[in-house]
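Visitor: Below is a structure I'd like to ask you about.
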Amino acid sequence: MNARRSAAALAVSVVLGAALAPVAFADGSLHRDTPKPRESALPKALYGSADPRFDGVWRQSLAILAQDASGLTPPPAAVEWLAGQQCEDGGFAAYRPKTTAPCDPEKDEFSDATAAAVQALASVGGRGAVVEKGVNWLKRHQNDDGGWGMNPGGPSDANSTATVIGAFAATGQDPARVTSAKGGKSPYDALLALQLGCDAGEDERGAFAYQPDKGELHANPLATTAAALAAHGKGFVFDVPEGDEPVAAPSCADRNGDDGKARRDPGDGADAASAYLSAVLAGNGQHLNSAMPGQEDQPDVGGTADAVLALAAGGHRDAAAKPLTWLTGKEAGAVAWAKDQPAALAKLILASRAAGADPRDFGGTDLLRALGETGPGTGTPAPDPSGTEKEKKDDKDDKDDDGNGGYGVWWIVGVGAVAGIGIGFLLSGRKKQQF
C-alpha cells in the first residue's frame, strides 16, 4: 500500500463499510454471510469451503501450522498449494486463483499473508527456497520505523509487525537484528512505540494500540495479544515453557534506565502486556470482548484464543489456563463458532496446545479431526512416522509460479488476512510512555 492508500484508513473503511460490516475478523476466517462458491470451483488442496479470495493463504497457513505443531503431517498437496501461491517477488497475496498472472505488490501482496506463509512453510520443511524469498520480501518492505503495515509502504501497525516478527523467529533469525535501511530501527522499535505506558491509566497501562490515531495511542486488546506474543519473540508455534511464571503488574517506579531514558526492552513490554491482558480477562469473566465498532459488547472467541497463546508464550501457564477453561465451556460456544472454519479451528488448536491441554479433547471435541475434515481428503492426516520434529531441508528444486490471479480489485478485502491475530480498531485510551 503506497501513500495513496493509508492502512489506517483502510482498516476503518473495511470495518465501517456496510458491505463488509459483518466480517468476523477475530476468528481468522471470512464473514459468515459470504455466499459459498461452488465446491468444484475451489482448489482441491485448499482448507475450507468458503470463498478464499479474502483469506486463502492465511487459513491454509494456520491449518498447516496447527497440524504440524500437533505432530501430524499436513497433506503434501496442501503444502504444495501454499508454496505455489507465492508471487514472483517473494510476497504472498490473500489468494491467487491464477498463478500465471503477475502480482501487483502495492495492491495484491500482504505482509500478514507473507509472514504467515513463511511460518507454515518453515515449520514443515522442504521449501527452503520459497521461505527465503518470503523472508527477503519482508526485509525489503520494512518501514523506516522498523515495522510493517498490511501492504508495502503502509503505516506500521501492531498486528502486521507482530506477524512478521513471528516469521523471523520461525526461521531462526533474531528479529532485533533485522533493521531498517534508513534509521537502523528494529521491529521491536516499531512495536514498543505502540505501547501505552505509565502516562496511561492503570486499567490501560501495558496495552498496545493498533496504530496511532491522530498522534495518540488507544488501548486495543486484540492488538495487545498479537504484540505480546511478538514481544516474547514468538510466532504462532513455540516451545511451551515449563513451570509457571506469575503475571506481575508493571512498575513505573523504575521505568527509566541508568541513562534516564525510557526503557525499550521487548521483555518488559511483553510482561506489561500480559498484565494488561490478565486484568481485562479477569474483569470480563476470563474472555475478551469484541472490539469491532458498531457491535454489541459480546465475548470474542478468537480474541480470547489469541490471549491464551500470548500468555502461554510468556510462561504464564496458570493465567493462560483460565481463559482456555472458558473457551472449552458451553458458554463460549467455541466449537460451534469454529465449525468448518479452518483458521478458527487452527487458532483453538494452537491455543490449547500452548496452554498444555489436549486439542483432541477440547470440551469433548477432537479439534484435529475437525480441522482435517476441512482439508484435502477426509479424516485426520497421518501421524509423522518419526514421532519427532521433521528435519528442515532446503528444496533447491522448488519452483514457484509467477504473479497474481487478477484479484487486484479485491485488495481492500485483504485486510481479512490480519484476522487470525485480530486487527486493531481505534478504541478509547491515553497517550503512552515506554516501559
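Residue numbering restarts at 1 for every chain of the C-alpha cells, chains are lettered A, B, ... in their displayed order, and ligands are numbered from 1 as they appear.
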Based on DSSP run over this structure's backbone, return all residues of segment 200-316 of chain A in strand (DSSP E or B), as a list in words.
Guide: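 Listing strand (DSSP E or B) positions across segment 200-316 of chain A yields Phe208, Asp213, Glu216, Asn256, Ala262, Leu288, Asn289, Pro299 and Asp300 of chain A.
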Visitor: Using only C-alpha atoms, determine which residues lie at most 8 Å from Pro266 of chain A, disregarding the query and same-chain residues fewer than 5 positions distant; provide the list as number ranges by chain.
Guide: A: 188, 192, 231-232
Visitor: Would you save the residues from that selection as a tab-separated table (two decimals), in the first residue's frame, using C-alpha atoms?
Guide:
chain	number	residue	atom	x	y	z
A	188	TYR	CA	10.75	-4.08	18.33
A	192	LEU	CA	7.09	-0.85	21.51
A	231	ALA	CA	7.46	-9.12	22.15
A	232	HIS	CA	8.33	-12.55	23.53
Visitor: Please, which residues of segment 226-381 of chain A, numbered as in this document, come out alpha helix (DSSP H) from DSSP, as a PyMOL selection string?
Guide: chain A and resi 226-231+266-283+301-313+317-328+334-338+342-354+367-372
Visitor: Can you list, as number ranges by chain, every protein, DNA or RNA residue that comes within 12 Å of Trp81 of chain A when you count only C-alpha atoms, leaving out same-chain residues fewer than 6 positions away?
Guide: A: 42-47, 56-57, 60-61, 64, 74-75, 95-99, 117, 121, 127, 375-376, 399-401
Visitor: Please produce an output containing N, CA, C and O atoms for each residue in the selection, written as an mmCIF file, in the first residue's frame.
Guide:
data_model
loop_
_atom_site.group_PDB
_atom_site.id
_atom_site.type_symbol
_atom_site.label_atom_id
_atom_site.label_comp_id
_atom_site.auth_asym_id
_atom_site.auth_seq_id
_atom_site.Cartn_x
_atom_site.Cartn_y
_atom_site.Cartn_z
ATOM 1 N N LEU A 42 -13.389 -24.556 -6.152
ATOM 2 C CA LEU A 42 -12.349 -24.380 -5.154
ATOM 3 C C LEU A 42 -11.156 -25.285 -5.454
ATOM 4 O O LEU A 42 -11.322 -26.409 -5.932
ATOM 5 N N PRO A 43 -9.952 -24.814 -5.137
ATOM 6 C CA PRO A 43 -8.785 -25.689 -5.280
ATOM 7 C C PRO A 43 -8.936 -26.919 -4.379
ATOM 8 O O PRO A 43 -9.338 -26.806 -3.223
ATOM 9 N N LYS A 44 -8.623 -28.092 -4.905
ATOM 10 C CA LYS A 44 -8.811 -29.321 -4.142
ATOM 11 C C LYS A 44 -7.879 -29.394 -2.936
ATOM 12 O O LYS A 44 -8.166 -30.106 -1.973
ATOM 13 N N ALA A 45 -6.776 -28.671 -2.991
ATOM 14 C CA ALA A 45 -5.798 -28.733 -1.907
ATOM 15 C C ALA A 45 -6.036 -27.686 -0.830
ATOM 16 O O ALA A 45 -5.261 -27.591 0.116
ATOM 17 N N LEU A 46 -7.099 -26.917 -0.954
ATOM 18 C CA LEU A 46 -7.356 -25.807 -0.032
ATOM 19 C C LEU A 46 -8.194 -26.269 1.151
ATOM 20 O O LEU A 46 -9.153 -27.023 1.001
ATOM 21 N N TYR A 47 -7.857 -25.771 2.337
ATOM 22 C CA TYR A 47 -8.680 -25.997 3.515
ATOM 23 C C TYR A 47 -9.889 -25.069 3.470
ATOM 24 O O TYR A 47 -9.776 -23.881 3.147
ATOM 25 N N GLY A 56 -7.450 -17.087 1.708
ATOM 26 C CA GLY A 56 -6.984 -18.405 1.313
ATOM 27 C C GLY A 56 -5.616 -18.756 1.865
ATOM 28 O O GLY A 56 -5.424 -19.822 2.464
ATOM 29 N N VAL A 57 -4.634 -17.882 1.683
ATOM 30 C CA VAL A 57 -3.276 -18.138 2.164
ATOM 31 C C VAL A 57 -3.232 -18.146 3.680
ATOM 32 O O VAL A 57 -2.555 -18.976 4.301
ATOM 33 N N GLN A 60 -4.892 -21.367 5.105
ATOM 34 C CA GLN A 60 -4.056 -22.516 4.754
ATOM 35 C C GLN A 60 -2.828 -22.571 5.654
ATOM 36 O O GLN A 60 -2.438 -23.637 6.131
ATOM 37 N N SER A 61 -2.231 -21.416 5.886
ATOM 38 C CA SER A 61 -1.020 -21.350 6.721
ATOM 39 C C SER A 61 -1.310 -21.776 8.148
ATOM 40 O O SER A 61 -0.565 -22.574 8.747
ATOM 41 N N ILE A 64 -1.982 -25.606 8.404
ATOM 42 C CA ILE A 64 -0.747 -26.378 8.308
ATOM 43 C C ILE A 64 0.054 -26.273 9.599
ATOM 44 O O ILE A 64 0.588 -27.271 10.114
ATOM 45 N N PRO A 74 0.810 -32.577 7.563
ATOM 46 C CA PRO A 74 -0.192 -31.975 6.669
ATOM 47 C C PRO A 74 -0.150 -32.635 5.303
ATOM 48 O O PRO A 74 0.924 -33.064 4.844
ATOM 49 N N PRO A 75 -1.274 -32.731 4.621
ATOM 50 C CA PRO A 75 -1.288 -33.333 3.291
ATOM 51 C C PRO A 75 -0.298 -32.636 2.362
ATOM 52 O O PRO A 75 -0.279 -31.410 2.287
ATOM 53 N N TYR A 95 -5.001 -14.449 -1.943
ATOM 54 C CA TYR A 95 -5.355 -15.641 -2.721
ATOM 55 C C TYR A 95 -5.070 -15.365 -4.179
ATOM 56 O O TYR A 95 -5.354 -14.289 -4.688
ATOM 57 N N ARG A 96 -4.492 -16.343 -4.871
ATOM 58 C CA ARG A 96 -4.206 -16.226 -6.301
ATOM 59 C C ARG A 96 -4.872 -17.387 -7.034
ATOM 60 O O ARG A 96 -4.340 -18.500 -7.052
ATOM 61 N N PRO A 97 -6.018 -17.167 -7.634
ATOM 62 C CA PRO A 97 -6.670 -18.256 -8.363
ATOM 63 C C PRO A 97 -5.922 -18.646 -9.627
ATOM 64 O O PRO A 97 -6.013 -19.787 -10.073
ATOM 65 N N LYS A 98 -5.195 -17.687 -10.217
ATOM 66 C CA LYS A 98 -4.406 -17.965 -11.420
ATOM 67 C C LYS A 98 -2.965 -17.571 -11.136
ATOM 68 O O LYS A 98 -2.621 -16.394 -11.129
ATOM 69 N N THR A 99 -2.135 -18.552 -10.899
ATOM 70 C CA THR A 99 -0.761 -18.257 -10.503
ATOM 71 C C THR A 99 0.141 -17.900 -11.671
ATOM 72 O O THR A 99 1.342 -17.681 -11.487
ATOM 73 N N ALA A 117 2.575 -17.441 5.774
ATOM 74 C CA ALA A 117 3.032 -18.499 4.873
ATOM 75 C C ALA A 117 4.468 -18.902 5.180
ATOM 76 O O ALA A 117 4.813 -20.097 5.148
ATOM 77 N N LEU A 121 5.495 -22.747 6.065
ATOM 78 C CA LEU A 121 6.402 -23.490 5.194
ATOM 79 C C LEU A 121 7.731 -23.775 5.879
ATOM 80 O O LEU A 121 8.353 -24.814 5.634
ATOM 81 N N ARG A 127 10.876 -26.512 1.853
ATOM 82 C CA ARG A 127 10.536 -25.385 0.977
ATOM 83 C C ARG A 127 11.464 -24.216 1.267
ATOM 84 O O ARG A 127 11.057 -23.068 1.375
ATOM 85 N N GLY A 375 -9.943 -30.113 5.109
ATOM 86 C CA GLY A 375 -8.841 -30.032 4.164
ATOM 87 C C GLY A 375 -8.920 -31.059 3.065
ATOM 88 O O GLY A 375 -9.944 -31.718 2.878
ATOM 89 N N PRO A 376 -7.831 -31.219 2.323
ATOM 90 C CA PRO A 376 -7.790 -32.194 1.230
ATOM 91 C C PRO A 376 -8.070 -33.602 1.749
ATOM 92 O O PRO A 376 -7.511 -34.018 2.759
ATOM 93 N N LYS A 399 10.066 -24.745 -7.201
ATOM 94 C CA LYS A 399 9.810 -23.634 -8.103
ATOM 95 C C LYS A 399 8.435 -23.076 -7.835
ATOM 96 O O LYS A 399 7.496 -23.799 -7.558
ATOM 97 N N ASP A 400 8.306 -21.752 -7.921
ATOM 98 C CA ASP A 400 7.015 -21.128 -7.700
ATOM 99 C C ASP A 400 6.560 -20.443 -8.967
ATOM 100 O O ASP A 400 7.343 -20.059 -9.809
ATOM 101 N N ASP A 401 5.248 -20.304 -9.081
ATOM 102 C CA ASP A 401 4.661 -19.676 -10.253
ATOM 103 C C ASP A 401 4.782 -18.170 -10.178
ATOM 104 O O ASP A 401 5.074 -17.594 -9.141
#
Visitor: Taking into account only C-alpha atoms, which residue in the set A:Pro241, A:Leu229, A:Ala158, A:Val301 is nearest to Leu217 of chain A?
Guide: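 Checking each of A:Pro241, A:Leu229, A:Ala158, A:Val301 against Leu217 of chain A, counting only C-alpha atoms, the winner is A:Ala158.
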Visitor: From the options A:Phe54, A:Trp337, A:Phe110, A:Phe208, which residue's atoms come nearest to Ser160 of chain A, counting only C-alpha atoms?
Guide: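 Among the listed residues, A:Phe110 lies closest to Ser160 of chain A.
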Visitor: Could you check how far atom CA of Asp358 of chain A sits from atom CA of Ala69 of chain A, in Å to one decimal?
Guide: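 If I compute the distance from atom CA of Asp358 of chain A to atom CA of Ala69 of chain A, I get 12.2 Å.
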Visitor: Atom CA of Gly364 of chain A and atom CA of Thr328 of chain A, how far apart in Å?
Guide: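 Value for the atom CA of Thr328 of chain A-atom CA of Gly364 of chain A distance: 8.6 Å.
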Visitor: List the neighbours of Leu194 of chain A out to 9 Å using only C-alpha atoms; skip same-chain residues closer than 6 positions along the sequence, and give me the result as a list in words.
Guide: Asp157, Ala158, Ala207, Phe208, Ala209, Tyr210, Gln211, Pro212, Leu217, His218, Lys432 and Gln434 of chain A
Visitor: Could you write out that same residue set with all heavy atoms as an mmCIF file, in the first residue's frame?
Guide:
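The new file selection_4.cif reads:
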data_model
loop_
_atom_site.group_PDB
_atom_site.id
_atom_site.type_symbol
_atom_site.label_atom_id
_atom_site.label_comp_id
_atom_site.auth_asym_id
_atom_site.auth_seq_id
_atom_site.Cartn_x
_atom_site.Cartn_y
_atom_site.Cartn_z
ATOM 1 N N ASP A 157 1.727 -1.148 11.774
ATOM 2 C CA ASP A 157 0.700 -1.432 12.779
ATOM 3 C C ASP A 157 1.166 -2.602 13.632
ATOM 4 O O ASP A 157 2.061 -3.354 13.253
ATOM 5 C CB ASP A 157 -0.649 -1.724 12.127
ATOM 6 C CG ASP A 157 -0.654 -2.978 11.279
ATOM 7 O OD1 ASP A 157 -0.620 -4.080 11.852
ATOM 8 O OD2 ASP A 157 -0.708 -2.873 10.031
ATOM 9 N N ALA A 158 0.562 -2.739 14.801
ATOM 10 C CA ALA A 158 0.999 -3.753 15.759
ATOM 11 C C ALA A 158 0.806 -5.162 15.226
ATOM 12 O O ALA A 158 1.668 -6.032 15.409
ATOM 13 C CB ALA A 158 0.244 -3.575 17.075
ATOM 14 N N ALA A 207 -1.075 -1.937 27.566
ATOM 15 C CA ALA A 207 -1.792 -2.313 26.344
ATOM 16 C C ALA A 207 -1.067 -1.759 25.122
ATOM 17 O O ALA A 207 -0.257 -0.838 25.209
ATOM 18 C CB ALA A 207 -3.212 -1.768 26.387
ATOM 19 N N PHE A 208 -1.373 -2.336 23.969
ATOM 20 C CA PHE A 208 -0.854 -1.844 22.693
ATOM 21 C C PHE A 208 -1.992 -1.262 21.879
ATOM 22 O O PHE A 208 -3.143 -1.686 21.998
ATOM 23 C CB PHE A 208 -0.200 -2.972 21.896
ATOM 24 C CG PHE A 208 1.185 -3.322 22.353
ATOM 25 C CD1 PHE A 208 1.375 -4.145 23.456
ATOM 26 C CD2 PHE A 208 2.302 -2.841 21.687
ATOM 27 C CE1 PHE A 208 2.650 -4.483 23.892
ATOM 28 C CE2 PHE A 208 3.584 -3.168 22.107
ATOM 29 C CZ PHE A 208 3.756 -3.991 23.216
ATOM 30 N N ALA A 209 -1.648 -0.287 21.066
ATOM 31 C CA ALA A 209 -2.584 0.251 20.085
ATOM 32 C C ALA A 209 -2.326 -0.443 18.751
ATOM 33 O O ALA A 209 -1.228 -0.957 18.509
ATOM 34 C CB ALA A 209 -2.396 1.761 19.931
ATOM 35 N N TYR A 210 -3.335 -0.433 17.889
ATOM 36 C CA TYR A 210 -3.143 -0.955 16.539
ATOM 37 C C TYR A 210 -2.253 -0.002 15.743
ATOM 38 O O TYR A 210 -1.221 -0.389 15.210
ATOM 39 C CB TYR A 210 -4.499 -1.130 15.861
ATOM 40 C CG TYR A 210 -4.410 -1.479 14.399
ATOM 41 C CD1 TYR A 210 -3.832 -2.674 13.991
ATOM 42 C CD2 TYR A 210 -4.896 -0.606 13.423
ATOM 43 C CE1 TYR A 210 -3.737 -2.998 12.644
ATOM 44 C CE2 TYR A 210 -4.819 -0.923 12.081
ATOM 45 C CZ TYR A 210 -4.238 -2.114 11.692
ATOM 46 O OH TYR A 210 -4.148 -2.420 10.360
ATOM 47 N N GLN A 211 -2.643 1.247 15.702
ATOM 48 C CA GLN A 211 -1.882 2.340 15.097
ATOM 49 C C GLN A 211 -2.212 3.608 15.867
ATOM 50 O O GLN A 211 -3.241 3.679 16.544
ATOM 51 C CB GLN A 211 -2.270 2.559 13.630
ATOM 52 C CG GLN A 211 -1.719 1.569 12.645
ATOM 53 C CD GLN A 211 -2.192 1.879 11.228
ATOM 54 O OE1 GLN A 211 -3.245 2.456 11.018
ATOM 55 N NE2 GLN A 211 -1.415 1.462 10.248
ATOM 56 N N PRO A 212 -1.362 4.621 15.788
ATOM 57 C CA PRO A 212 -1.723 5.899 16.409
ATOM 58 C C PRO A 212 -2.950 6.490 15.735
ATOM 59 O O PRO A 212 -3.145 6.335 14.522
ATOM 60 C CB PRO A 212 -0.482 6.767 16.161
ATOM 61 C CG PRO A 212 0.624 5.807 15.886
ATOM 62 C CD PRO A 212 -0.011 4.642 15.196
ATOM 63 N N LEU A 217 -2.337 7.096 21.203
ATOM 64 C CA LEU A 217 -2.486 5.652 21.249
ATOM 65 C C LEU A 217 -3.713 5.284 22.060
ATOM 66 O O LEU A 217 -3.975 5.875 23.108
ATOM 67 C CB LEU A 217 -1.247 5.009 21.870
ATOM 68 C CG LEU A 217 0.076 5.273 21.152
ATOM 69 C CD1 LEU A 217 1.221 4.588 21.890
ATOM 70 C CD2 LEU A 217 0.021 4.812 19.704
ATOM 71 N N HIS A 218 -4.439 4.292 21.580
ATOM 72 C CA HIS A 218 -5.642 3.835 22.261
ATOM 73 C C HIS A 218 -5.535 2.341 22.509
ATOM 74 O O HIS A 218 -5.230 1.560 21.597
ATOM 75 C CB HIS A 218 -6.883 4.148 21.430
ATOM 76 C CG HIS A 218 -7.023 5.599 21.104
ATOM 77 N ND1 HIS A 218 -7.361 6.544 22.047
ATOM 78 C CD2 HIS A 218 -6.842 6.283 19.939
ATOM 79 C CE1 HIS A 218 -7.415 7.741 21.475
ATOM 80 N NE2 HIS A 218 -7.090 7.603 20.197
ATOM 81 N N LYS A 432 0.904 7.072 25.450
ATOM 82 C CA LYS A 432 1.820 6.091 26.017
ATOM 83 C C LYS A 432 3.099 6.752 26.520
ATOM 84 O O LYS A 432 3.444 7.849 26.176
ATOM 85 C CB LYS A 432 2.188 5.049 24.954
ATOM 86 C CG LYS A 432 2.901 5.640 23.717
ATOM 87 C CD LYS A 432 4.388 5.680 23.869
ATOM 88 C CE LYS A 432 5.050 6.412 22.713
ATOM 89 N NZ LYS A 432 6.475 6.623 22.868
ATOM 90 N N GLN A 434 6.956 4.643 27.209
ATOM 91 C CA GLN A 434 7.526 3.306 27.168
ATOM 92 C C GLN A 434 7.922 2.846 28.546
ATOM 93 O O GLN A 434 8.368 3.614 29.389
ATOM 94 C CB GLN A 434 8.750 3.286 26.251
ATOM 95 C CG GLN A 434 8.416 3.420 24.791
ATOM 96 C CD GLN A 434 7.577 2.269 24.294
ATOM 97 O OE1 GLN A 434 7.643 1.183 24.845
ATOM 98 N NE2 GLN A 434 6.791 2.496 23.254
#
Visitor: Hey, which bits of segment 140-198 of chain A sit within 12 Å of segment 305-324 of chain A, and for each residue what's the closest pair of atoms and how far apart in Å (one decimal), counting only C-alpha atoms, rows by chain and increasing number, as a Markdown table?
Guide:
| residue | atom | partner | partner_atom | distance |
| --- | --- | --- | --- | --- |
| A:Asn159 | CA | A:Asp306 | CA | 11.8 |
| A:Ala162 | CA | A:Ala310 | CA | 11.4 |
| A:Gly166 | CA | A:Ala313 | CA | 11.9 |
Visitor: Could you give me, as a ChimeraX atom specification, the residues within 9 Å of Leu138 of chain A, counting only C-alpha atoms and dropping anything in the same chain fewer than 2 positions from it?
Guide: /A:90-91,111,114-115,133-136,140-142,148,152,164
Visitor: Take the residues that were just selected and, keeping N, CA and C atoms, output them as a PDB file, in the first residue's frame.
Guide:
ATOM      1  N   GLY A  90       8.397 -12.850  -4.212  1.00  0.00           N
ATOM      2  CA  GLY A  90       8.548 -13.456  -2.891  1.00  0.00           C
ATOM      3  C   GLY A  90       7.400 -13.201  -1.939  1.00  0.00           C
ATOM      4  N   GLY A  91       6.543 -12.221  -2.235  1.00  0.00           N
ATOM      5  CA  GLY A  91       5.413 -11.927  -1.371  1.00  0.00           C
ATOM      6  C   GLY A  91       4.242 -12.868  -1.618  1.00  0.00           C
ATOM      7  N   SER A 111       1.718  -8.165   3.977  1.00  0.00           N
ATOM      8  CA  SER A 111       2.748  -8.553   4.938  1.00  0.00           C
ATOM      9  C   SER A 111       2.275  -9.724   5.786  1.00  0.00           C
ATOM     10  N   THR A 114       2.174 -13.030   3.828  1.00  0.00           N
ATOM     11  CA  THR A 114       3.541 -13.482   3.574  1.00  0.00           C
ATOM     12  C   THR A 114       4.170 -14.052   4.838  1.00  0.00           C
ATOM     13  N   ALA A 115       4.017 -13.349   5.945  1.00  0.00           N
ATOM     14  CA  ALA A 115       4.620 -13.804   7.201  1.00  0.00           C
ATOM     15  C   ALA A 115       3.995 -15.104   7.688  1.00  0.00           C
ATOM     16  N   LYS A 133      12.770 -16.582  -0.096  1.00  0.00           N
ATOM     17  CA  LYS A 133      12.221 -15.482  -0.898  1.00  0.00           C
ATOM     18  C   LYS A 133      11.197 -14.681  -0.096  1.00  0.00           C
ATOM     19  N   GLY A 134      10.391 -15.370   0.702  1.00  0.00           N
ATOM     20  CA  GLY A 134       9.406 -14.676   1.521  1.00  0.00           C
ATOM     21  C   GLY A 134      10.053 -13.796   2.571  1.00  0.00           C
ATOM     22  N   VAL A 135      11.083 -14.317   3.229  1.00  0.00           N
ATOM     23  CA  VAL A 135      11.806 -13.541   4.240  1.00  0.00           C
ATOM     24  C   VAL A 135      12.457 -12.321   3.613  1.00  0.00           C
ATOM     25  N   ASN A 136      13.063 -12.500   2.449  1.00  0.00           N
ATOM     26  CA  ASN A 136      13.702 -11.366   1.776  1.00  0.00           C
ATOM     27  C   ASN A 136      12.682 -10.321   1.356  1.00  0.00           C
ATOM     28  N   ARG A 140      12.775  -6.409   2.513  1.00  0.00           N
ATOM     29  CA  ARG A 140      12.786  -5.304   1.548  1.00  0.00           C
ATOM     30  C   ARG A 140      11.682  -4.287   1.831  1.00  0.00           C
ATOM     31  N   HIS A 141      10.605  -4.737   2.430  1.00  0.00           N
ATOM     32  CA  HIS A 141       9.464  -3.850   2.648  1.00  0.00           C
ATOM     33  C   HIS A 141       9.339  -3.380   4.092  1.00  0.00           C
ATOM     34  N   GLN A 142      10.411  -3.477   4.847  1.00  0.00           N
ATOM     35  CA  GLN A 142      10.412  -2.961   6.211  1.00  0.00           C
ATOM     36  C   GLN A 142      10.363  -1.439   6.182  1.00  0.00           C
ATOM     37  N   TRP A 148       5.996  -2.927   9.934  1.00  0.00           N
ATOM     38  CA  TRP A 148       5.317  -3.244   8.680  1.00  0.00           C
ATOM     39  C   TRP A 148       3.846  -2.856   8.779  1.00  0.00           C
ATOM     40  N   PRO A 152       2.894  -3.197   1.383  1.00  0.00           N
ATOM     41  CA  PRO A 152       4.173  -2.493   1.299  1.00  0.00           C
ATOM     42  C   PRO A 152       3.991  -0.981   1.338  1.00  0.00           C
ATOM     43  N   VAL A 164       5.111 -10.513  11.350  1.00  0.00           N
ATOM     44  CA  VAL A 164       6.416 -10.580  10.692  1.00  0.00           C
ATOM     45  C   VAL A 164       7.503 -10.983  11.684  1.00  0.00           C
TER      46      VAL A 164
END
Visitor: I want to know what sits within 6 Å of Ala272 of chain A, based on only C-alpha atoms, with residues of the same chain fewer than 2 positions away left out; could you give that as a list in words?
Guide: Gly206, Pro250, Gly269, Ala270, Ser274 and Ala275 of chain A
Visitor: Can you write just those residues out, C-alpha atoms, as an mmCIF file, in the first residue's frame?
Guide:
data_model
loop_
_atom_site.group_PDB
_atom_site.id
_atom_site.type_symbol
_atom_site.label_atom_id
_atom_site.label_comp_id
_atom_site.auth_asym_id
_atom_site.auth_seq_id
_atom_site.Cartn_x
_atom_site.Cartn_y
_atom_site.Cartn_z
ATOM 1 C CA GLY A 206 0.761 -2.074 29.161
ATOM 2 C CA PRO A 250 4.370 -3.341 35.570
ATOM 3 C CA GLY A 269 6.845 -4.750 27.093
ATOM 4 C CA ALA A 270 5.650 -8.345 26.941
ATOM 5 C CA SER A 274 0.475 -9.846 29.854
ATOM 6 C CA ALA A 275 -0.551 -7.980 32.997
#
Visitor: Please list as a PyMOL selection string every residue within 10 Å of Asp340 of chain A, counting only C-alpha atoms and excluding residues in the same chain fewer than 3 positions away.
Guide: chain A and resi 47-50+335-337+343-345+370-375
